[in-house]
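Containing mmCIF, C-alpha atoms and all ligand atoms: entry-v9.cif.
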data_work
#
loop_
_atom_site.label_atom_id
_atom_site.label_comp_id
_atom_site.auth_asym_id
_atom_site.auth_seq_id
_atom_site.Cartn_x
_atom_site.Cartn_y
_atom_site.Cartn_z
CA MET K 1 44.24 33.74 6.80
CA PRO K 2 44.08 31.56 3.63
CA ARG K 3 42.75 28.06 4.26
CA ASP K 4 45.38 25.26 4.11
CA LEU K 5 43.71 23.04 1.50
CA LEU K 6 46.58 20.56 1.50
CA ALA K 7 46.15 20.01 5.25
CA ASP K 8 42.38 19.39 4.71
CA LYS K 9 43.22 16.83 2.03
CA LYS K 10 45.60 14.99 4.40
CA THR K 11 42.90 14.91 7.12
CA LEU K 12 40.42 13.34 4.72
CA GLU K 13 42.97 10.77 3.47
CA ASP K 14 43.70 9.66 7.06
CA MET K 15 40.01 8.98 7.81
CA PRO K 16 38.70 5.37 7.51
CA PRO K 17 36.66 4.72 4.34
CA LEU K 18 32.90 5.17 4.65
CA SER K 19 30.88 1.98 5.05
CA LYS K 20 27.25 1.00 5.69
CA GLU K 21 28.42 -1.46 8.35
CA PRO K 22 28.45 -0.38 12.04
CA ALA K 23 31.88 0.87 13.15
CA ALA K 24 34.10 -1.82 14.67
CA ASP K 25 34.36 -1.64 18.49
CA SER K 26 37.90 -0.66 19.41
CA SER K 27 37.40 -0.61 23.21
CA GLY K 28 38.11 -4.33 23.67
CA ASP K 29 34.78 -4.73 25.55
CA PRO K 30 33.42 -8.26 24.73
CA ASN K 31 29.82 -6.93 25.19
CA PRO K 32 29.86 -3.52 23.58
CA MET K 33 26.77 -1.28 23.71
CA PRO K 34 24.64 -1.54 20.55
CA PRO K 35 24.82 1.55 18.34
CA LEU K 36 22.39 4.21 19.52
CA TYR K 37 20.40 4.29 16.28
CA GLN K 38 19.27 0.69 16.88
CA VAL K 39 17.84 1.40 20.32
CA PRO K 40 14.42 2.90 19.42
CA THR K 41 13.25 -0.14 17.43
CA SER K 42 13.79 -2.35 20.49
CA PHE K 43 11.20 -0.20 22.35
CA VAL K 44 8.35 -1.01 19.93
CA GLU K 45 6.02 -3.19 21.97
CA ASP K 46 4.74 -6.43 20.45
CA ARG K 47 1.14 -5.18 20.51
CA PHE K 48 2.11 -2.31 18.19
CA LYS K 49 4.17 -4.56 15.87
CA ARG K 50 0.94 -6.39 14.94
CA MET K 51 -0.40 -3.26 13.26
CA THR K 52 2.74 -1.76 11.71
CA ASP K 53 1.58 -2.47 8.13
CA LEU K 54 -1.68 -0.57 8.78
CA HIS K 55 -0.20 2.86 9.71
CA PRO K 56 -3.22 3.77 11.87
CA PHE K 57 -4.13 7.29 12.92
CA ALA K 58 -6.89 8.40 15.28
CA SER K 59 -9.29 11.28 14.80
CA LEU K 60 -12.44 12.75 16.30
CA LEU K 61 -15.63 11.81 14.45
CA ASN K 62 -18.35 14.09 13.17
CA GLN K 63 -21.44 13.99 10.95
CA ASP K 64 -19.28 13.65 7.83
CA ASP K 65 -18.24 10.22 9.11
CA LEU K 66 -21.81 8.88 9.22
CA ASP K 67 -21.48 6.64 6.13
CA ASP K 68 -18.24 5.13 7.46
CA CYS K 69 -19.57 4.54 10.98
CA ASP K 70 -22.90 3.14 9.79
CA TRP K 71 -21.05 0.69 7.51
CA LEU K 72 -18.56 -0.39 10.19
CA GLU K 73 -21.17 -0.71 12.95
CA HIS K 74 -23.23 -3.12 10.85
CA VAL K 75 -20.21 -5.14 9.70
CA ALA K 76 -18.87 -5.56 13.25
CA PHE K 77 -21.99 -6.04 15.41
CA ASP K 78 -24.84 -8.52 15.27
CA GLU K 79 -27.93 -6.91 13.80
CA ASN K 80 -29.80 -6.80 17.15
CA GLU K 81 -26.85 -5.06 18.84
CA ALA K 82 -25.83 -2.58 16.12
CA ALA K 83 -27.03 1.01 16.56
CA THR K 84 -29.35 2.22 13.80
CA ARG K 85 -28.08 4.74 11.25
CA GLU K 86 -30.41 7.36 12.79
CA LYS K 87 -28.99 6.76 16.27
CA ILE K 88 -25.42 7.03 14.99
CA ALA K 89 -26.36 10.24 13.15
CA TYR K 90 -27.77 11.66 16.41
CA ARG K 91 -24.65 10.81 18.41
CA LEU K 92 -22.21 12.15 15.83
CA ALA K 93 -24.27 15.34 15.50
CA VAL K 94 -24.72 16.20 19.18
CA CYS K 95 -21.45 14.95 20.70
CA GLY K 96 -18.89 14.01 18.05
CA GLU K 97 -16.20 15.25 20.44
CA LEU K 98 -16.85 12.12 22.52
CA CYS K 99 -16.38 9.82 19.53
CA SER K 100 -13.11 8.54 18.04
CA GLY K 101 -12.19 6.74 14.85
CA ILE K 102 -9.04 4.84 14.00
CA PHE K 103 -8.27 5.23 10.30
CA SER K 104 -5.75 4.25 7.69
CA SER K 105 -5.45 4.93 4.01
CA ALA K 106 -4.51 2.79 1.03
CA TYR K 107 -4.57 2.55 -2.74
CA PRO K 108 -7.37 0.28 -3.94
CA THR K 109 -5.10 -1.20 -6.61
CA VAL K 110 -2.39 -2.37 -4.16
CA SER K 111 -3.19 -5.80 -2.73
CA GLY K 112 -3.68 -6.16 1.01
CA PRO K 113 -6.41 -6.19 3.67
CA LEU K 114 -7.15 -2.47 3.33
CA SER K 115 -7.64 -2.49 -0.44
CA LYS K 116 -9.97 -5.47 0.05
CA LEU K 117 -12.06 -3.34 2.43
CA ILE K 118 -12.05 -0.40 0.03
CA LYS K 119 -13.24 -2.55 -2.86
CA ALA K 120 -16.05 -3.95 -0.69
CA ARG K 121 -17.38 -0.45 0.03
CA LYS K 122 -20.23 1.07 -1.93
CA GLN K 123 -18.88 4.40 -0.70
CA PHE K 124 -16.08 4.18 -3.29
CA PRO K 125 -18.02 3.51 -6.51
CA SER K 126 -15.15 4.70 -8.70
CA VAL K 127 -12.79 1.92 -7.62
CA ASP K 128 -11.48 -0.08 -10.58
CA SER K 129 -8.11 -1.39 -11.73
CA ALA K 130 -7.08 2.09 -12.88
CA ASP K 131 -8.10 3.98 -9.72
CA SER K 132 -4.96 5.61 -8.36
CA ASP K 133 -6.58 7.76 -5.64
CA ARG K 134 -5.58 6.93 -2.08
CA LYS K 135 -8.69 6.28 0.05
CA ARG K 136 -9.22 6.88 3.75
CA ILE K 137 -10.68 3.86 5.50
CA LEU K 138 -12.29 3.62 8.96
CA MET K 139 -10.88 0.54 10.75
CA GLY K 140 -12.48 1.02 14.17
CA HIS K 141 -14.65 3.47 16.07
CA ILE K 142 -15.90 4.46 19.50
CA ILE K 143 -19.24 6.21 19.74
CA ALA K 144 -20.30 7.71 23.05
CA THR K 145 -22.68 10.13 24.76
CA LYS K 146 -22.86 11.67 28.24
CA PHE K 147 -25.57 10.92 30.79
CA LYS K 148 -26.60 12.52 34.08
CA GLY K 149 -27.95 10.72 37.13
CA SER K 150 -26.31 7.30 36.88
CA LYS K 151 -22.79 5.94 37.14
CA VAL K 152 -23.63 3.10 34.79
CA VAL K 153 -25.18 2.93 31.33
CA THR K 154 -28.99 2.86 31.34
CA ASP K 155 -31.58 2.20 28.64
CA ASP K 156 -32.40 5.93 28.70
CA ALA K 157 -28.75 6.75 28.05
CA MET K 158 -28.77 4.38 25.08
CA ALA K 159 -31.94 5.88 23.60
CA TYR K 160 -32.28 9.28 21.89
CA PRO K 161 -35.01 11.93 21.61
CA SER K 162 -37.14 11.28 18.52
CA ASP K 163 -37.41 15.03 17.80
CA TRP K 164 -33.68 15.77 18.10
CA LYS K 165 -33.44 17.29 14.62
CA THR K 166 -36.10 19.94 15.26
CA ASN K 167 -35.91 20.38 19.03
CA TYR K 168 -32.34 20.44 20.30
CA GLN K 169 -32.10 20.12 24.10
CA LEU K 170 -29.00 20.44 26.28
CA GLY K 171 -30.33 17.97 28.82
CA PRO K 172 -33.00 15.63 27.46
CA SER K 173 -34.21 12.72 29.63
CA THR K 174 -32.93 10.25 27.02
CA GLY K 175 -29.75 10.32 24.99
CA HIS K 176 -26.93 12.84 25.38
CA HIS K 177 -26.96 15.22 28.35
CA GLU K 178 -24.44 18.03 27.91
CA ASP K 179 -23.88 18.30 31.71
CA GLY K 180 -23.68 14.55 32.25
CA GLU K 181 -20.70 13.27 34.16
CA THR K 182 -20.83 9.68 33.00
CA ILE K 183 -19.47 9.18 29.50
CA CYS K 184 -21.32 6.19 28.09
CA LEU K 185 -19.32 4.19 25.56
CA HIS K 186 -22.07 2.70 23.40
CA SER K 187 -20.06 1.20 20.61
CA LEU K 188 -16.47 0.01 20.29
CA CYS K 189 -15.76 -2.00 17.19
CA VAL K 190 -13.00 -2.94 14.77
CA HIS K 191 -13.58 -4.34 11.30
CA PRO K 192 -13.55 -8.16 11.62
CA ASP K 193 -10.89 -8.48 8.87
CA LEU K 194 -8.54 -6.43 11.06
CA GLY K 195 -9.32 -7.96 14.45
CA GLY K 196 -6.60 -9.23 16.79
CA LYS K 197 -4.01 -6.67 15.62
CA GLY K 198 -4.32 -4.52 18.71
CA LEU K 199 -6.43 -1.78 17.11
CA GLY K 200 -9.34 -2.17 19.56
CA GLY K 201 -7.05 -1.98 22.59
CA VAL K 202 -5.16 1.06 21.32
CA LEU K 203 -8.37 2.86 20.33
CA LEU K 204 -9.93 2.20 23.74
CA ARG K 205 -6.88 3.31 25.70
CA SER K 206 -6.35 6.47 23.67
CA TRP K 207 -10.05 7.33 23.97
CA THR K 208 -10.21 6.90 27.78
CA GLN K 209 -7.01 8.94 28.13
CA ARG K 210 -8.47 11.73 25.97
CA MET K 211 -11.79 11.76 27.88
CA LYS K 212 -9.92 11.93 31.18
CA ASP K 213 -7.32 14.53 30.17
CA ALA K 214 -9.90 16.77 28.50
CA GLY K 215 -12.08 16.72 31.64
CA LEU K 216 -15.10 15.72 29.59
CA GLY K 217 -16.59 13.64 32.40
CA LYS K 218 -15.86 12.00 35.73
CA ARG K 219 -16.02 8.43 34.51
CA ALA K 220 -16.52 6.20 31.52
CA ALA K 221 -19.14 3.47 31.61
CA LEU K 222 -20.23 0.73 29.21
CA ILE K 223 -22.15 -2.51 29.00
CA CYS K 224 -20.55 -5.59 27.48
CA ARG K 225 -20.95 -9.32 27.10
CA GLU K 226 -19.21 -11.48 29.72
CA ARG K 227 -16.61 -12.57 27.14
CA TYR K 228 -15.32 -9.00 26.84
CA VAL K 229 -14.95 -8.31 30.59
CA LYS K 230 -11.22 -9.17 30.64
CA PHE K 231 -10.61 -7.04 27.53
CA TYR K 232 -12.10 -4.00 29.28
CA GLU K 233 -10.47 -4.80 32.62
CA SER K 234 -7.08 -4.83 30.90
CA ALA K 235 -7.80 -1.25 29.74
CA GLY K 236 -8.63 -0.09 33.28
CA PHE K 237 -12.40 -0.63 33.58
CA GLU K 238 -13.89 -2.36 36.62
CA LYS K 239 -16.67 -4.88 36.56
CA VAL K 240 -19.70 -3.60 38.49
CA GLY K 241 -22.06 -6.55 37.90
CA PRO K 242 -25.11 -7.49 35.81
CA SER K 243 -26.64 -4.52 34.01
CA ALA K 244 -30.32 -3.57 34.19
CA CYS K 245 -30.21 -2.60 30.50
CA GLN K 246 -32.58 -4.53 28.29
CA TYR K 247 -31.09 -3.21 25.04
CA GLY K 248 -30.63 -5.98 22.47
CA GLY K 249 -32.32 -8.54 24.73
CA GLY K 250 -30.36 -7.78 27.95
CA GLY K 251 -27.76 -10.05 29.56
CA TRP K 252 -25.11 -7.31 29.78
CA ILE K 253 -22.39 -6.60 32.34
CA ASP K 254 -21.82 -3.06 33.69
CA MET K 255 -18.22 -1.82 33.49
CA VAL K 256 -16.99 1.53 34.86
CA MET K 257 -13.73 3.47 34.89
CA GLU K 258 -13.57 6.29 37.45
CA PHE K 259 -11.20 8.99 36.16
CA ASP K 260 -10.46 10.21 39.64
CA ALA K 261 -10.17 8.02 42.72
CA VAL K 262 -12.04 10.71 44.71
CA SER K 263 -15.80 10.26 44.49
CA HIS K 264 -17.65 13.42 43.46
CA GLY K 265 -20.87 11.92 44.51
CA ASP K 266 -23.85 13.48 42.74
CA ASP K 267 -24.45 10.55 40.37
CA VAL K 268 -25.50 7.28 41.99
CA TYR K 269 -25.37 3.60 41.26
CA PRO K 270 -28.94 2.37 40.73
C1 LIG B 1 -13.95 -6.10 20.79
C2 LIG B 1 -13.14 -5.63 19.61
C3 LIG B 1 -13.33 -4.13 19.45
C4 LIG B 1 -11.66 -5.93 19.87
O1 LIG B 1 -10.89 -5.34 18.85
P1 LIG B 1 -9.49 -5.98 18.40
O2 LIG B 1 -8.80 -4.97 17.56
O3 LIG B 1 -9.72 -7.31 17.80
O4 LIG B 1 -8.82 -6.14 19.81
P2 LIG B 1 -7.29 -6.23 20.13
O5 LIG B 1 -6.56 -6.84 18.99
O6 LIG B 1 -6.83 -4.92 20.63
O7 LIG B 1 -7.36 -7.27 21.30
C5 LIG B 1 -7.24 -6.88 22.61
C6 LIG B 1 -7.43 -8.09 23.48
O8 LIG B 1 -8.81 -8.42 23.57
C7 LIG B 1 -8.99 -9.80 23.35
N1 LIG B 1 -10.18 -9.98 22.48
C8 LIG B 1 -10.36 -9.43 21.29
N2 LIG B 1 -11.54 -9.83 20.78
C9 LIG B 1 -12.08 -10.68 21.69
C10 LIG B 1 -13.27 -11.44 21.74
N3 LIG B 1 -14.13 -11.46 20.73
N4 LIG B 1 -13.51 -12.17 22.84
C11 LIG B 1 -12.62 -12.19 23.85
N5 LIG B 1 -11.47 -11.50 23.86
C12 LIG B 1 -11.21 -10.75 22.79
C13 LIG B 1 -7.78 -10.29 22.59
O9 LIG B 1 -7.49 -11.61 23.03
C14 LIG B 1 -6.69 -9.32 22.96
O10 LIG B 1 -5.91 -9.79 23.99
P3 LIG B 1 -4.30 -9.85 23.78
O11 LIG B 1 -3.88 -8.43 23.51
O12 LIG B 1 -3.83 -10.36 25.09
O13 LIG B 1 -4.10 -10.75 22.61
C15 LIG B 1 -13.54 -6.40 18.31
O14 LIG B 1 -13.43 -7.78 18.55
C16 LIG B 1 -14.95 -6.10 17.82
O15 LIG B 1 -15.16 -5.13 17.10
N6 LIG B 1 -15.93 -6.95 18.19
C17 LIG B 1 -17.29 -6.81 17.64
C18 LIG B 1 -18.00 -5.66 18.27
C19 LIG B 1 -18.14 -5.86 19.77
O16 LIG B 1 -18.71 -6.84 20.23
N7 LIG B 1 -17.59 -4.89 20.53
C20 LIG B 1 -17.59 -4.96 21.97
C21 LIG B 1 -18.84 -4.36 22.48
S1 LIG B 1 -19.08 -4.72 24.17
#

So that I can check it, write out the structure of this file as C-alpha cells.
Amino acid sequence: MPRDLLADKKTLEDMPPLSKEPAADSSGDPNPMPPLYQVPTSFVEDRFKRMTDLHPFASLLNQDDLDDCDWLEHVAFDENEAATREKIAYRLAVCGELCSGIFSSAYPTVSGPLSKLIKARKQFPSVDSADSDRKRILMGHIIATKFKGSKVVTDDAMAYPSDWKTNYQLGPSTGHHEDGETICLHSLCVHPDLGGKGLGGVLLRSWTQRMKDAGLGKRAALICRERYVKFYESAGFEKVGPSACQYGGGGWIDMVMEFDAVSHGDDVYP
C-alpha cells in the first residue's frame, strides 16, 4: 500500500516544536518527578566529585612502572620510610599482581595540576611548549607482597632476598612468599599535590576488594602511623595494636582486614 505522505506531514505539524528545555508537566502534580536523565548525576557521591577533573583509572603495576613508582614513593614518603628503588623493583617483579596504580593522563601544555606534575618529571624530557603528546601520570600506588606465618606485617615481610635476581625462590624467609596468606600492604601513597581528593581512599578500597575477590590471600595487613588509623579503619581495617616492626625507626601500629569472618587458622598473631 502506498504511504500516505500527507498524513505524515499532518502528524509532524501537530507535534510541539522541539526545545532544549525539559517538557512542561501536564499532570497538575505540584511536585513532579525530575526527568529521568537527571537522576544519575544525583547519585555521584561527594567523595568522587572531588576528583572529577582528574579522570582517574586504576591498573595493575609491573616492572615497566618502576620509574613512576620510584618517583612517587620518594615524593610522598619521608626518606627514612620510602622503599628503595631496588626494593620496589623486587616487589614489582615478583608480585606485580598484588600492586595497583591509580593513573590519569594529560597534555603537558594544558594548565592544571597534572601538567605541573608532568613538567616536574625527568621521565618526560621532551616536554616543552610545543609538546602535544598526552602523557600518562601515576597519581597514587599500592605496593604489596604476601607473607606466610604471621597475620601482621613483620620486618622479614618488609625485607627482600638480596640474591632475588639470580636465585628466584617461591617461598624465601624474607620478602614475598608465593603461598603466603597475609597480603602485606607496604606502601600506599598519593602525590602530595593531589592529596585530599579521595584518590587514596578509592585506591585502597578498590585494592582490598580486588585482593578479596581474586582470592589472593586470606587477609590484608599493614603498619601505619597512629594518625592514619582512622583512615584505614574507615576502609575496613581493624587496629591490632603496636607493631613489633622496627622498619624506619619503629613506632608503628598493626592494622588487619580479614577477608573472611571464619578463621582459617594456620597463620598466627605473634
Ligand atoms: C595517606 C594518603 C595515601 C591519603 O591519600 P589521599 O588521597 O589524600 O586520601 P583521601 O583524599 O582519600 O582521604 C581519605 C581520608 O583520609 C584522611 N586523611 C588523608 N590524609 C591524612 C593524613 N595525613 N592524616 C590524617 N588523615 C588523613 C582524610 O581526612 C580523608 O577523610 P575524609 O574523606 O573524611 O575527608 C596520602 O596522604 C599519602 O600519600 N600520604 C603520604 C604517604 C603515607 O604516609 N602513606 C600512609 C602509609 S601508612

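Near ligand LIG 1 (chain B), the residues found within 7 Å are K:Arg47, K:Ala76, K:Phe77, K:Ser187, K:Leu188, K:Cys189, K:Val190, K:His191, K:Pro192, K:Leu194, K:Gly195, K:Gly196, K:Lys197, K:Gly198, K:Leu199, K:Gly200, K:Gly201, K:Val202, K:Ile223, K:Cys224, K:Arg225, K:Arg227, K:Tyr228, K:Phe231 (criterion computed using all atoms listed in the file).
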
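From atom CA of Glu226 of chain K back to atom CA of Thr84 of chain K, the distance works out to 23.3 Å.
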
Inset, instruction - Could you give me, as a list of chain:residue names, the residues within 9 Å of Asp179 of chain K, counting only C-alpha atoms and dropping anything in the same chain fewer than 4 positions from it? - result: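 With the cut-off at 9 Å, the set is K:Lys146, K:Phe147, K:Lys148, K:Leu170, K:Gly171, K:Gly217.
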
Closest-contact table, segment 58-163 of chain K side, partner segment 232-241 of chain K, 12 Å, counting only C-alpha atoms, as a tab-separated table:
residue	atom	partner	partner_atom	distance
K:Lys151	CA	K:Val240	CA	10.1
K:Val152	CA	K:Val240	CA	8.6
K:Val153	CA	K:Val240	CA	11.1

Inset, instruction - Fewer than 2 positions away in the same chain doesn't count, so skip those; otherwise give me all residues within 6 Å of Ala221 of chain K, counting only C-alpha atoms, as a ChimeraX atom specification. - result: /K:152,184,255-256

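In this structure, atom CA of Glu97 of chain K sits 7.7 Å away from atom CA of Asn62 of chain K.
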
Legend entry - 8 Å contact set for Ile118 of chain K, only C-alpha atoms, chain neighbours under 3 positions out, as a ChimeraX atom specification: /K:108,114-115,121,124,135,137

Inset, instruction - Using atom CA of Leu185 of chain K and atom CA of Asp70 of chain K as the two end points, give the distance in Å to one decimal. - result: 16.2 Å

Legend entry - Using all atoms listed in the file: which of K:Ala144, K:Ala82, K:Leu117, K:Ala214 has the shortest distance to Ser105 of chain K: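 Counting all atoms listed in the file, the residue closest to Ser105 of chain K is K:Leu117.
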